[in-house]
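Novice: Before I ask anything, here is the structure I am working with.
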Amino acid sequence: MMTPTSIQRIIPRRAIAMLTVTAALVVSLAPSRFLAPAWADDPMSVVQTTVNQALEVLRDTQTPLAQRQDKLRQIVSTTFDFTEMAKSALGYHWKQITADQQQEFTKAFVAFIEDSYLSKVNDYRGQQVAFLRMTTDGPQYAEVTTDIVEPEGKDPIHLNYRLVQEGATWKIYDVTVDAISIIANYRNQFNRVMNNQGYPTLISDLKSKQAALAASLANH
């Protein structure tokens, strides 16, 4: 059985500390009052604007934590392809579950990621982001390379955004931290649970962990 603790181990240690710097995976299905630039005509603009808006919120320590978390949700709500992220995280098992289960899993997965990273907002310690370059893989896929510049001369953390073009928009569908794909990390463990215990165990454990995170956030 995959316990809530084992789910948490899916997230790389450095990712837990650093993804909140850019709100990279703090996602929400709520409408956004902060218009993240999913309409921009190039991937670099999408990433730069989203990251800079997130950093502004993280630096605003005078605003109550709950309000800052809500702003982060809104900033990135139009930038991430939630369905594709959930589908990729479940891998080939996605086609083995029903349409209702797909919706259930997507909702639970998004909520789990959201609360995992919102709980780390206060880990921000003034790190800066360097936008290095953009590369393309055919007409519809791109990757934006960034570095998280650490204080005191520490080695930078390499954080890259993978984007797909959907019509006239670019959406983020994965993030890599030091060349480790966050979605692939989830997929490896989810596949083991699906193979050994099946979907009921996976969704039960995921919901249990998300509920514990949500309760923790509510007490802040």
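Ligands are numbered from 1 in the order shown, residues from 1 within each chain, and chains are lettered A, B, ... in the order they appear in the structure tokens.
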List every residue of segment 38-214 of chain A that DSSP, applied to the backbone of this structure, assigns to strand (DSSP E), and report them as a PyMOL selection string.

Specialist: chain A and resi 128-136+141-149+157-166+169-177+180-181

Novice: So which residues touch Met44 of chain A within 10 Å, counting only C-alpha atoms, skipping near sequence neighbours fewer than 2 positions away, as a list in words?

Specialist: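 With the cut-off at 10 Å, the set is Ala40, Asp41, Asp42, Val46, Val47, Gln48, Thr49, Thr50, Phe131, Leu132, Arg133, Met134, Thr135, Ala142, Glu143, Val144, Thr145, Tyr161, Leu163 and Trp170 of chain A.
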
Novice: For the residues selected in the previous step, produce a file with N, CA and C atoms as a PDB file, in the first residue's frame.

Specialist:
ATOM      1  N   ALA A  40       0.325  34.529 -24.816  1.00  0.00           N
ATOM      2  CA  ALA A  40       1.546  35.083 -25.413  1.00  0.00           C
ATOM      3  C   ALA A  40       1.997  34.236 -26.587  1.00  0.00           C
ATOM      4  N   ASP A  41       2.699  34.869 -27.534  1.00  0.00           N
ATOM      5  CA  ASP A  41       3.038  34.168 -28.760  1.00  0.00           C
ATOM      6  C   ASP A  41       4.360  33.433 -28.693  1.00  0.00           C
ATOM      7  N   ASP A  42       5.011  33.394 -27.537  1.00  0.00           N
ATOM      8  CA  ASP A  42       6.227  32.594 -27.424  1.00  0.00           C
ATOM      9  C   ASP A  42       6.369  32.049 -26.007  1.00  0.00           C
ATOM     10  N   VAL A  46       5.644  33.467 -21.767  1.00  0.00           N
ATOM     11  CA  VAL A  46       4.739  32.799 -20.841  1.00  0.00           C
ATOM     12  C   VAL A  46       5.442  32.538 -19.515  1.00  0.00           C
ATOM     13  N   VAL A  47       6.638  31.958 -19.595  1.00  0.00           N
ATOM     14  CA  VAL A  47       7.369  31.597 -18.385  1.00  0.00           C
ATOM     15  C   VAL A  47       7.829  32.842 -17.630  1.00  0.00           C
ATOM     16  N   GLN A  48       8.407  33.804 -18.334  1.00  0.00           N
ATOM     17  CA  GLN A  48       8.922  34.996 -17.667  1.00  0.00           C
ATOM     18  C   GLN A  48       7.835  35.747 -16.910  1.00  0.00           C
ATOM     19  N   THR A  49       6.706  35.968 -17.558  1.00  0.00           N
ATOM     20  CA  THR A  49       5.647  36.741 -16.917  1.00  0.00           C
ATOM     21  C   THR A  49       5.068  35.995 -15.725  1.00  0.00           C
ATOM     22  N   THR A  50       4.854  34.692 -15.885  1.00  0.00           N
ATOM     23  CA  THR A  50       4.307  33.905 -14.788  1.00  0.00           C
ATOM     24  C   THR A  50       5.252  33.877 -13.594  1.00  0.00           C
ATOM     25  N   PHE A 131      16.613  33.660 -16.574  1.00  0.00           N
ATOM     26  CA  PHE A 131      16.000  33.054 -17.756  1.00  0.00           C
ATOM     27  C   PHE A 131      17.087  32.912 -18.822  1.00  0.00           C
ATOM     28  N   LEU A 132      17.435  31.689 -19.159  1.00  0.00           N
ATOM     29  CA  LEU A 132      18.624  31.442 -19.974  1.00  0.00           C
ATOM     30  C   LEU A 132      18.337  31.309 -21.463  1.00  0.00           C
ATOM     31  N   ARG A 133      17.427  30.430 -21.842  1.00  0.00           N
ATOM     32  CA  ARG A 133      17.196  30.221 -23.272  1.00  0.00           C
ATOM     33  C   ARG A 133      15.910  29.438 -23.483  1.00  0.00           C
ATOM     34  N   MET A 134      15.482  29.438 -24.741  1.00  0.00           N
ATOM     35  CA  MET A 134      14.337  28.644 -25.155  1.00  0.00           C
ATOM     36  C   MET A 134      14.758  27.759 -26.315  1.00  0.00           C
ATOM     37  N   THR A 135      14.371  26.491 -26.265  1.00  0.00           N
ATOM     38  CA  THR A 135      14.623  25.572 -27.378  1.00  0.00           C
ATOM     39  C   THR A 135      13.298  24.966 -27.813  1.00  0.00           C
ATOM     40  N   ALA A 142       8.198  23.107 -26.742  1.00  0.00           N
ATOM     41  CA  ALA A 142       9.321  23.986 -26.411  1.00  0.00           C
ATOM     42  C   ALA A 142       9.738  23.754 -24.970  1.00  0.00           C
ATOM     43  N   GLU A 143      10.966  24.168 -24.667  1.00  0.00           N
ATOM     44  CA  GLU A 143      11.468  24.097 -23.297  1.00  0.00           C
ATOM     45  C   GLU A 143      12.176  25.401 -22.971  1.00  0.00           C
ATOM     46  N   VAL A 144      11.836  25.974 -21.832  1.00  0.00           N
ATOM     47  CA  VAL A 144      12.480  27.197 -21.358  1.00  0.00           C
ATOM     48  C   VAL A 144      13.391  26.829 -20.194  1.00  0.00           C
ATOM     49  N   THR A 145      14.665  27.180 -20.335  1.00  0.00           N
ATOM     50  CA  THR A 145      15.686  26.844 -19.347  1.00  0.00           C
ATOM     51  C   THR A 145      15.901  28.007 -18.400  1.00  0.00           C
ATOM     52  N   TYR A 161      11.091  24.465 -17.880  1.00  0.00           N
ATOM     53  CA  TYR A 161       9.665  24.346 -18.122  1.00  0.00           C
ATOM     54  C   TYR A 161       9.437  23.752 -19.509  1.00  0.00           C
ATOM     55  N   LEU A 163       6.715  23.102 -22.460  1.00  0.00           N
ATOM     56  CA  LEU A 163       5.450  23.682 -22.895  1.00  0.00           C
ATOM     57  C   LEU A 163       4.980  23.041 -24.189  1.00  0.00           C
ATOM     58  N   TRP A 170       0.316  28.761 -25.361  1.00  0.00           N
ATOM     59  CA  TRP A 170       1.343  27.846 -24.872  1.00  0.00           C
ATOM     60  C   TRP A 170       1.013  27.486 -23.431  1.00  0.00           C
TER      61      TRP A 170
END

Novice: Please provide as a list in words all residues within 12 Å of Lys87 of chain A, with the sequence filter that same-chain residues fewer than 5 positions apart are discarded (counting only C-alpha atoms).

Specialist: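 Contacts, in chain order: Asp81, Phe82, Tyr92, His93, Trp94, Lys95, Gln96, Ile97, Ala99, Gln101, Gln102, Gln103, Glu104, Phe105, Thr106, Lys107, Phe109, Val110, Tyr173, Asp174, Ile183, Ala184, Tyr186, Arg187 and Phe190 of chain A.
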
Novice: Quick check, in Å to one decimal: how far apart do atom CA of Phe112 of chain A and atom CA of Asp70 of chain A lie?

Specialist: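 That distance, rounded to one decimal, is 15.4 Å.
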
Novice: Mind the document's chain letters and residue numbers, and return as a ChimeraX atom specification the residues of segment 100-199 of chain A that DSSP labels helix (DSSP H, G or I).

Specialist: /A:100-118,121-123,182-196,199

Novice: At what distance in Å, to one decimal, does atom CA of Asp205 of chain A lie from atom CA of Ala108 of chain A?

Specialist: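 Atom CA of Asp205 of chain A lies 10.1 Å from atom CA of Ala108 of chain A.
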
Novice: Env of Gln67 of chain A: 10 Å cut, atoms = only C-alpha atoms, seq-sep filter 5 positions within chain, self excluded. Answer as a count of residues only.

Specialist: 3

Novice: What is the atom CA of Thr79 of chain A to atom CA of Ala212 of chain A distance in Å?

Specialist: 26.5 Å

Novice: Considering only C-alpha atoms, can you say which of A:Asn196, A:Glu56, A:Ser119, A:Val51 comes closest to Ala215 of chain A?

Specialist: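 Among the listed residues, the smallest separation from Ala215 of chain A belongs to A:Ser119.
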
Novice: Restricting the calculation to only C-alpha atoms: of A:Ser208, A:Ser88, A:Gln53, A:Thr78, which residue gets closest to Lys171 of chain A?

Specialist: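 With only C-alpha atoms as the atom set, the closest residue is A:Thr78.
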
Novice: Pick out the residues sitting within 9 Å of Val175 of chain A, and hand them over as a VMD selection string; count only C-alpha atoms, and ignore anything fewer than 6 positions along from it in its own chain.

Specialist: chain A and resid 24 to 25 159 to 163 181 to 183

Novice: For a quick check of understanding, using only C-alpha atoms, which of A:Tyr117, A:Ala89, A:Gly167, A:Glu84 has the smallest distance to Gln69 of chain A?

Specialist: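 Among the listed residues, the smallest separation from Gln69 of chain A belongs to A:Tyr117.
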